[in-house]
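Source file: model_25.cif; contents: mmCIF, C-alpha atoms.
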data_structure
#
loop_
_atom_site.group_PDB
_atom_site.id
_atom_site.type_symbol
_atom_site.label_atom_id
_atom_site.label_comp_id
_atom_site.auth_asym_id
_atom_site.auth_seq_id
_atom_site.Cartn_x
_atom_site.Cartn_y
_atom_site.Cartn_z
ATOM 1 C CA MET H 24 0.598 5.042 18.239
ATOM 2 C CA PRO H 25 -1.246 7.933 16.554
ATOM 3 C CA THR H 26 -4.467 7.862 14.562
ATOM 4 C CA ILE H 27 -3.493 8.953 11.052
ATOM 5 C CA LEU H 28 -5.343 9.845 7.879
ATOM 6 C CA ALA H 29 -2.930 9.098 5.029
ATOM 7 C CA ILE H 30 -2.914 10.002 1.337
ATOM 8 C CA GLU H 31 -0.799 8.404 -1.410
ATOM 9 C CA THR H 32 -0.975 9.872 -4.937
ATOM 10 C CA ALA H 33 2.632 9.589 -6.169
ATOM 11 C CA THR H 34 1.802 7.095 -8.947
ATOM 12 C CA ALA H 35 -1.180 5.930 -10.996
ATOM 13 C CA PHE H 36 -2.653 4.626 -7.727
ATOM 14 C CA CYS H 37 -4.780 6.990 -5.672
ATOM 15 C CA SER H 38 -5.031 5.717 -2.103
ATOM 16 C CA VAL H 39 -6.515 6.956 1.176
ATOM 17 C CA ALA H 40 -6.383 5.157 4.518
ATOM 18 C CA LEU H 41 -7.219 5.741 8.151
ATOM 19 C CA VAL H 42 -4.902 3.887 10.522
ATOM 20 C CA ALA H 43 -5.159 3.792 14.327
ATOM 21 C CA GLU H 44 -2.593 2.054 16.531
ATOM 22 C CA GLN H 45 -1.053 0.656 13.304
ATOM 23 C CA HIS H 46 -4.369 -1.064 12.480
ATOM 24 C CA VAL H 47 -6.204 -0.170 9.275
ATOM 25 C CA LEU H 48 -9.736 1.055 10.021
ATOM 26 C CA ALA H 49 -10.594 1.913 6.421
ATOM 27 C CA GLU H 50 -8.729 2.105 3.113
ATOM 28 C CA LEU H 51 -9.642 2.860 -0.502
ATOM 29 C CA THR H 52 -7.244 2.469 -3.425
ATOM 30 C CA LEU H 53 -8.036 3.266 -7.053
ATOM 31 C CA ASN H 54 -5.812 2.365 -10.000
ATOM 32 C CA GLN H 55 -7.057 4.833 -12.576
ATOM 33 C CA PRO H 56 -4.360 7.141 -14.001
ATOM 34 C CA ARG H 57 -5.001 10.865 -14.337
ATOM 35 C CA SER H 58 -8.133 10.781 -12.183
ATOM 36 C CA HIS H 59 -6.758 11.718 -8.748
ATOM 37 C CA ALA H 60 -8.273 15.199 -8.741
ATOM 38 C CA THR H 61 -11.691 13.764 -9.571
ATOM 39 C CA HIS H 62 -11.812 10.954 -7.026
ATOM 40 C CA LEU H 63 -9.587 11.965 -4.089
ATOM 41 C CA PRO H 64 -12.068 14.261 -2.253
ATOM 42 C CA ASP H 65 -14.812 11.604 -2.312
ATOM 43 C CA MET H 66 -12.363 8.875 -1.261
ATOM 44 C CA ILE H 67 -11.331 10.917 1.783
ATOM 45 C CA GLN H 68 -14.948 11.419 2.815
ATOM 46 C CA GLN H 69 -15.741 7.722 2.336
ATOM 47 C CA VAL H 70 -12.756 6.571 4.403
ATOM 48 C CA MET H 71 -13.796 8.877 7.228
ATOM 49 C CA HIS H 72 -17.349 7.522 7.012
ATOM 50 C CA PHE H 73 -16.331 3.852 6.904
ATOM 51 C CA SER H 74 -13.924 4.267 9.833
ATOM 52 C CA GLY H 75 -16.644 5.690 12.069
ATOM 53 C CA LEU H 76 -14.331 8.505 13.181
ATOM 54 C CA VAL H 77 -14.706 12.266 12.938
ATOM 55 C CA TRP H 78 -12.033 14.870 12.306
ATOM 56 C CA LYS H 79 -11.435 15.599 15.996
ATOM 57 C CA ASP H 80 -10.466 11.925 16.493
ATOM 58 C CA LEU H 81 -7.413 12.257 14.226
ATOM 59 C CA ASP H 82 -3.937 12.864 15.609
ATOM 60 C CA GLY H 83 -2.466 13.900 12.279
ATOM 61 C CA ILE H 84 -2.355 13.791 8.483
ATOM 62 C CA ALA H 85 0.339 11.970 6.500
ATOM 63 C CA VAL H 86 0.946 12.346 2.782
ATOM 64 C CA SER H 87 3.368 10.920 0.244
ATOM 65 C CA VAL H 88 5.595 13.807 -0.894
ATOM 66 C CA GLY H 89 7.699 12.205 -3.636
ATOM 67 C CA PRO H 90 9.339 11.188 -5.732
ATOM 68 C CA GLY H 91 6.633 10.395 -8.219
ATOM 69 C CA SER H 92 4.142 11.918 -10.612
ATOM 70 C CA TYR H 93 4.323 15.709 -10.736
ATOM 71 C CA THR H 94 0.568 16.148 -11.021
ATOM 72 C CA GLY H 95 -0.306 13.347 -8.598
ATOM 73 C CA LEU H 96 1.970 14.710 -5.889
ATOM 74 C CA ARG H 97 0.574 18.236 -6.264
ATOM 75 C CA ILE H 98 -2.979 16.926 -5.851
ATOM 76 C CA GLY H 99 -2.202 14.769 -2.814
ATOM 77 C CA VAL H 100 -0.114 17.367 -0.984
ATOM 78 C CA SER H 101 -2.655 20.122 -1.655
ATOM 79 C CA ALA H 102 -5.466 17.982 -0.235
ATOM 80 C CA ALA H 103 -3.435 17.049 2.849
ATOM 81 C CA LYS H 104 -2.509 20.673 3.507
ATOM 82 C CA ALA H 105 -6.124 21.787 3.184
ATOM 83 C CA ILE H 106 -7.322 19.163 5.679
ATOM 84 C CA ALA H 107 -4.513 19.865 8.140
ATOM 85 C CA PHE H 108 -5.186 23.605 8.001
ATOM 86 C CA ALA H 109 -8.976 23.336 8.225
ATOM 87 C CA HIS H 110 -8.954 20.937 11.173
ATOM 88 C CA GLU H 111 -5.747 22.161 12.846
ATOM 89 C CA LYS H 112 -3.989 18.796 12.612
ATOM 90 C CA PRO H 113 -0.242 18.077 12.472
ATOM 91 C CA LEU H 114 0.990 17.345 8.943
ATOM 92 C CA VAL H 115 3.771 14.856 8.087
ATOM 93 C CA GLY H 116 5.335 14.288 4.672
ATOM 94 C CA VAL H 117 6.528 10.738 3.945
ATOM 95 C CA ASN H 118 9.003 9.750 1.232
ATOM 96 C CA SER H 119 7.146 7.712 -1.415
ATOM 97 C CA LEU H 120 9.980 5.161 -1.607
ATOM 98 C CA ARG H 121 9.946 4.774 2.178
ATOM 99 C CA GLY H 122 6.273 3.911 1.899
ATOM 100 C CA LEU H 123 7.026 1.221 -0.690
ATOM 101 C CA ALA H 124 9.740 -0.247 1.526
ATOM 102 C CA GLN H 125 7.287 -0.420 4.432
ATOM 103 C CA LEU H 126 5.206 -2.916 2.431
ATOM 104 C CA VAL H 127 8.167 -5.322 2.357
ATOM 105 C CA ASP H 128 9.105 -5.046 6.022
ATOM 106 C CA PRO H 129 7.023 -8.074 7.189
ATOM 107 C CA PHE H 130 8.911 -10.405 4.794
ATOM 108 C CA MET H 131 12.434 -9.269 5.624
ATOM 109 C CA ALA H 132 14.994 -10.878 7.897
ATOM 110 C CA ASP H 133 17.189 -8.762 10.122
ATOM 111 C CA GLY H 134 19.976 -7.229 8.032
ATOM 112 C CA ASP H 135 18.192 -7.566 4.673
ATOM 113 C CA LEU H 136 18.036 -4.674 2.225
ATOM 114 C CA VAL H 137 14.951 -3.422 0.410
ATOM 115 C CA CYS H 138 15.409 -1.285 -2.697
ATOM 116 C CA SER H 139 12.425 0.800 -3.779
ATOM 117 C CA PHE H 140 12.286 1.798 -7.440
ATOM 118 C CA LEU H 141 9.762 4.007 -9.207
ATOM 119 C CA ASP H 142 9.844 4.194 -12.989
ATOM 120 C CA ALA H 143 11.068 7.602 -14.174
ATOM 121 C CA ARG H 144 10.689 6.649 -17.861
ATOM 122 C CA ARG H 145 13.358 5.804 -20.411
ATOM 123 C CA ASP H 146 16.158 3.988 -18.541
ATOM 124 C CA GLU H 147 15.768 6.072 -15.402
ATOM 125 C CA VAL H 148 14.397 5.260 -11.963
ATOM 126 C CA TYR H 149 13.868 6.947 -8.637
ATOM 127 C CA ALA H 150 15.724 4.794 -6.134
ATOM 128 C CA ALA H 151 16.276 4.431 -2.392
ATOM 129 C CA ALA H 152 17.482 1.570 -0.184
ATOM 130 C CA PHE H 153 16.649 0.666 3.415
ATOM 131 C CA ARG H 154 18.131 -1.903 5.791
ATOM 132 C CA LYS H 155 16.146 -3.960 8.284
ATOM 133 C CA LYS H 156 17.520 -3.410 11.771
ATOM 134 C CA GLY H 157 15.361 -4.999 14.426
ATOM 135 C CA PRO H 158 11.838 -3.567 14.278
ATOM 136 C CA VAL H 159 12.718 -0.612 12.022
ATOM 137 C CA LEU H 160 13.887 0.145 8.487
ATOM 138 C CA GLU H 161 16.897 2.445 8.429
ATOM 139 C CA GLY H 162 17.975 4.449 5.411
ATOM 140 C CA GLU H 163 20.858 2.810 3.536
ATOM 141 C CA LYS H 164 20.878 4.850 0.315
ATOM 142 C CA ASP H 165 19.283 8.270 0.023
ATOM 143 C CA THR H 166 16.619 8.913 -2.578
ATOM 144 C CA THR H 167 18.030 9.730 -5.978
ATOM 145 C CA ALA H 168 17.184 9.712 -9.684
ATOM 146 C CA LEU H 169 19.569 7.669 -11.798
ATOM 147 C CA VAL H 170 19.861 5.668 -15.002
ATOM 148 C CA THR H 171 19.827 1.902 -14.574
ATOM 149 C CA ALA H 172 23.419 1.630 -15.823
ATOM 150 C CA GLU H 173 24.499 3.502 -12.685
ATOM 151 C CA LEU H 174 23.044 0.874 -10.334
ATOM 152 C CA LYS H 175 26.334 -1.068 -10.261
ATOM 153 C CA ASP H 176 27.974 1.912 -8.565
ATOM 154 C CA TRP H 177 24.929 2.845 -6.478
ATOM 155 C CA LEU H 178 24.634 -0.532 -4.715
ATOM 156 C CA ALA H 179 27.738 -2.697 -4.385
ATOM 157 C CA PRO H 180 27.434 -6.420 -3.376
ATOM 158 C CA GLU H 181 30.033 -6.042 -0.651
ATOM 159 C CA SER H 182 27.603 -3.783 1.228
ATOM 160 C CA LEU H 183 25.670 -6.839 2.423
ATOM 161 C CA PRO H 184 26.802 -10.096 4.091
ATOM 162 C CA PRO H 185 26.446 -13.199 1.840
ATOM 163 C CA LYS H 186 23.433 -14.644 3.694
ATOM 164 C CA GLN H 187 21.347 -11.486 3.540
ATOM 165 C CA SER H 188 18.808 -10.867 0.780
ATOM 166 C CA VAL H 189 17.931 -7.867 -1.350
ATOM 167 C CA TRP H 190 14.244 -7.173 -1.927
ATOM 168 C CA LEU H 191 13.125 -5.138 -4.937
ATOM 169 C CA VAL H 192 9.789 -3.330 -4.961
ATOM 170 C CA GLY H 193 8.053 -0.768 -7.162
ATOM 171 C CA ASP H 194 7.063 -0.332 -10.799
ATOM 172 C CA GLY H 195 10.674 0.414 -11.741
ATOM 173 C CA ALA H 196 12.122 -2.696 -10.079
ATOM 174 C CA ARG H 197 11.878 -5.086 -13.023
ATOM 175 C CA LYS H 198 14.128 -3.041 -15.283
ATOM 176 C CA CYS H 199 16.722 -2.853 -12.502
ATOM 177 C CA ILE H 200 17.216 -6.628 -12.233
ATOM 178 C CA GLU H 201 19.605 -7.049 -15.177
ATOM 179 C CA PRO H 202 22.024 -4.240 -14.193
ATOM 180 C CA LEU H 203 21.996 -5.373 -10.550
ATOM 181 C CA GLU H 204 22.723 -8.974 -11.536
ATOM 182 C CA ALA H 205 25.556 -7.742 -13.753
ATOM 183 C CA ALA H 206 26.908 -5.864 -10.723
ATOM 184 C CA GLY H 207 27.185 -9.133 -8.765
ATOM 185 C CA TRP H 208 23.792 -9.536 -7.102
ATOM 186 C CA ARG H 209 22.722 -12.619 -9.094
ATOM 187 C CA GLY H 210 20.889 -15.168 -6.936
ATOM 188 C CA ARG H 211 20.267 -12.750 -4.068
ATOM 189 C CA LEU H 212 17.465 -10.612 -5.500
ATOM 190 C CA ASN H 213 13.817 -11.034 -4.521
ATOM 191 C CA LEU H 214 11.461 -9.251 -6.920
ATOM 192 C CA LEU H 215 8.045 -8.590 -5.448
ATOM 193 C CA PRO H 216 5.134 -8.476 -7.934
ATOM 194 C CA GLU H 217 3.670 -5.062 -8.647
ATOM 195 C CA SER H 218 0.170 -6.506 -8.264
ATOM 196 C CA ALA H 219 0.889 -7.309 -4.604
ATOM 197 C CA CYS H 220 3.154 -4.404 -3.627
ATOM 198 C CA PHE H 221 1.805 -1.197 -5.129
ATOM 199 C CA PRO H 222 1.919 2.163 -3.308
ATOM 200 C CA THR H 223 -0.747 2.429 -0.601
ATOM 201 C CA ALA H 224 -1.837 5.036 1.910
ATOM 202 C CA ARG H 225 -1.795 2.332 4.583
ATOM 203 C CA ALA H 226 1.986 2.008 4.227
ATOM 204 C CA ILE H 227 2.383 5.797 4.349
ATOM 205 C CA ALA H 228 0.436 5.905 7.632
ATOM 206 C CA GLN H 229 2.464 3.037 9.112
ATOM 207 C CA CYS H 230 5.643 5.035 8.534
ATOM 208 C CA VAL H 231 4.376 7.554 11.108
ATOM 209 C CA THR H 232 4.760 5.797 14.453
ATOM 210 C CA VAL H 233 5.087 8.996 16.487
ATOM 211 C CA LEU H 234 4.320 12.664 15.929
ATOM 212 C CA THR H 235 7.386 14.491 17.188
ATOM 213 C CA PRO H 236 8.070 18.185 16.518
ATOM 214 C CA GLU H 237 10.895 17.097 14.201
ATOM 215 C CA ASP H 238 8.470 15.121 12.020
ATOM 216 C CA VAL H 239 5.645 17.656 11.817
ATOM 217 C CA GLN H 240 5.934 20.142 8.976
ATOM 218 C CA ASN H 241 4.643 23.649 8.481
ATOM 219 C CA VAL H 242 1.416 23.456 6.512
ATOM 220 C CA ARG H 243 2.181 26.610 4.562
ATOM 221 C CA ASP H 244 5.697 25.572 3.567
ATOM 222 C CA MET H 245 5.235 21.900 2.669
ATOM 223 C CA GLU H 246 5.915 21.152 -0.997
ATOM 224 C CA PRO H 247 6.393 17.909 -2.939
ATOM 225 C CA PHE H 248 9.924 16.715 -3.693
ATOM 226 C CA TYR H 249 10.197 15.862 -7.385
ATOM 227 C CA TYR H 250 13.935 14.995 -7.536
ATOM 228 C CA LYS H 251 13.870 15.769 -11.264
ATOM 229 C CA VAL H 252 12.902 18.908 -13.142
ATOM 230 C CA PHE H 253 9.445 18.512 -14.600
ATOM 231 C CA VAL H 254 9.462 19.078 -18.358
ATOM 232 C CA ALA H 255 6.102 19.578 -20.005
ATOM 233 C CA ALA H 256 5.719 17.557 -23.167
ATOM 234 C CA LYS H 257 5.391 19.553 -26.381
ATOM 235 C CA PRO H 258 2.152 18.729 -28.219
ATOM 236 C CA SER H 259 2.672 16.748 -31.406
ATOM 237 C CA ARG H 260 0.135 18.995 -33.163
ATOM 238 C CA THR H 261 -0.887 22.625 -32.765
ATOM 239 C CA ILE H 262 -4.243 23.556 -31.274
ATOM 240 C CA ARG H 263 -5.456 24.449 -34.759
ATOM 241 C CA GLU H 264 -4.409 21.067 -36.104
ATOM 242 C CA ARG H 265 -6.203 19.292 -33.234
ATOM 243 C CA THR H 266 -9.438 21.281 -33.674
ATOM 244 C CA PRO H 267 -11.994 19.766 -36.062
ATOM 245 C CA GLN H 268 -12.458 22.010 -39.091
ATOM 246 C CA ASN H 269 -15.849 22.679 -40.656
ATOM 247 C CA ASP H 270 -16.006 22.163 -44.371
#

Can you dump the structure from the file as structure tokens?
Amino acid sequence: MPTILAIETATAFCSVALVAEQHVLAELTLNQPRSHATHLPDMIQQVMHFSGLVWKDLDGIAVSVGPGSYTGLRIGVSAAKAIAFAHEKPLVGVNSLRGLAQLVDPFMADGDLVCSFLDARRDEVYAAAFRKKGPVLEGEKDTTALVTAELKDWLAPESLPPKQSVWLVGDGARKCIEPLEAAGWRGRLNLLPESACFPTARAIAQCVTVLTPEDVQNVRDMEPFYYKVFVAAKPSRTIRERTPQND
């Protein structure tokens, strides 16, 4: 198992972890929206210090690449690319929803499904589903952006045997319960609290069990995957209107 420095900045949580042999040596997570650029560099340095390792001890860098916050993803991916380039380390991008699903893996029985949902505002979510098969989570539904009304077509009850459970995780999971129950999943859904299952760098690192050539990405070419077009909000007032005027 590789020694991985991982970064997760896809949501309001900014998280950095150093994991060796699937064991967490050091991890810092901060829940302070719109502060990733300020705190991430120091968090990386602190995790390296607390772990007792130096850059040459790392086998690779892993980073959450989306879906998620446009700005957060840009900050995390840029930092990971800079470290990988400066220290000549392999770089791996991990799907943010795959990282969320990894948090649920210890609770799941063989054959269960875990659905990861990130809030995309309004009635929309980023969604992906994974099935527990032995020691691994296999992709069941590819990552997509959809409105909650479309969940009944996205995940049909007949896709899972009656005794298997469906686990829901992520800050968009709660608003998916009603449409999923209406689709026939009532009584089979397990909603995990956001306070216990928020995005972490530890989970991102644990998704990287090997560093094969197929997993490693070109540092120059890696970019976040947004899954939706980013639309900048139009200010409610002009710059002149927002600038205090002297009498």

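Taking only C-alpha atoms into account, the polymer residues that have an atom no farther than 10 Å from (5.0, 14.3, -9.5) are H:Thr32, H:Ala33, H:Thr34, H:Val88, H:Gly89, H:Pro90, H:Gly91, H:Ser92, H:Tyr93, H:Thr94, H:Gly95, H:Leu96, H:Arg97, H:Ile98, H:Gly99, H:Pro247, H:Phe248, H:Tyr249, H:Tyr250, H:Lys251, H:Val252, H:Phe253.
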
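Considering the residues H:Phe221, H:Phe140, H:Phe73, H:Phe153 and counting only C-alpha atoms, H:Val42 has its shortest atom-to-atom contact with H:Phe73.
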
Between atom CA of H:Ala226 and atom CA of H:Lys79, what is the spacing in Å?
22.4 Å

May I ask for the distance between atom CA of H:Ala196 and atom CA of H:Gln45, given in Å to one decimal place?
27.0 Å

Name the residues captured by the PyMOL selection byres ((chain H and resi 78) around 12) when it is applied to the shown file; answer as number ranges by chain.
H: 26-28, 41, 67-68, 70-72, 74-77, 79-84, 106-112

Computed gap from atom CA of H:Lys155 to atom CA of H:Leu141 is 20.3 Å

Within 8 Å of (4.2, 9.4, 10.3), all atoms listed in the file: residues as a ChimeraX atom specification?
/H:27,85,115-117,227-234,238

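Shortest atom-to-atom contact with H:Cys37 among H:Thr167, H:Ser139, H:Thr223, H:Asn118: H:Thr223, counting only C-alpha atoms.
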
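Applied to the shown file, the PyMOL selection byres ((chain H and resi 162) around 12) selects the residues Asn118, Leu120, Arg121, Ala124, Gln125, Leu136, Val137, Cys138, Ser139, Ala150, Ala151, Ala152, Phe153, Arg154, Lys155, Lys156, Val159, Leu160, Glu161, Glu163, Lys164, Asp165 and Thr166 of chain H.
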
Could you write out as an mmCIF file with C-alpha atoms, keeping the file's coordinate frame the residues that the PyMOL selection byres ((chain H and resi 198) around 9) matches in the shown file?
data_model
loop_
_atom_site.group_PDB
_atom_site.id
_atom_site.type_symbol
_atom_site.label_atom_id
_atom_site.label_comp_id
_atom_site.auth_asym_id
_atom_site.auth_seq_id
_atom_site.Cartn_x
_atom_site.Cartn_y
_atom_site.Cartn_z
ATOM 1 C CA ASP H 142 9.844 4.194 -12.989
ATOM 2 C CA ASP H 146 16.158 3.988 -18.541
ATOM 3 C CA VAL H 148 14.397 5.260 -11.963
ATOM 4 C CA THR H 171 19.827 1.902 -14.574
ATOM 5 C CA ASP H 194 7.063 -0.332 -10.799
ATOM 6 C CA GLY H 195 10.674 0.414 -11.741
ATOM 7 C CA ALA H 196 12.122 -2.696 -10.079
ATOM 8 C CA ARG H 197 11.878 -5.086 -13.023
ATOM 9 C CA CYS H 199 16.722 -2.853 -12.502
ATOM 10 C CA ILE H 200 17.216 -6.628 -12.233
ATOM 11 C CA GLU H 201 19.605 -7.049 -15.177
ATOM 12 C CA PRO H 202 22.024 -4.240 -14.193
#

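Checking H:Ser101, H:Ser218, H:Thr235, H:Leu191 one by one against H:Asn54, counting all atoms listed in the file, you find the shortest gap at H:Ser218.
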
As lines of an AutoDock Vina configuration file, please report the centre and edge lengths, rounded to one decimal in Å, of the axis-aligned box that holds all listed atoms of stretch 26-34 of chain H with 4 Å of padding on each of the six sides.
center_x = -1.4
center_y = 8.5
center_z = 2.8
size_x = 16.0
size_y = 10.9
size_z = 31.5

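With distances restricted to all atoms listed in the file, H:Pro180 is the closest residue to H:Ala206 from H:Gly122, H:Pro236, H:Pro64, H:Pro180.
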
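Here the question is which of H:Lys104, H:Ala143, H:Leu126, H:Glu204 gets nearest to H:Glu246 using only C-alpha atoms, and that residue is H:Lys104.
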
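Residue neighbourhood of H:Asp65, excluding near-sequence residues (fewer than 4 positions): Cys37, Ser38, Val39, Leu51, Thr52, Leu53, Ser58, His59, Ala60, Thr61, Gln69, Val70, Met71, His72 and Ala102 of chain H, at 12 Å, using all atoms listed in the file.
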
Point out the residue among H:Arg57, H:Arg225, H:Ile30, H:Arg144 with the least atom-to-atom distance to H:Glu44, counting all atoms listed in the file.
H:Arg225
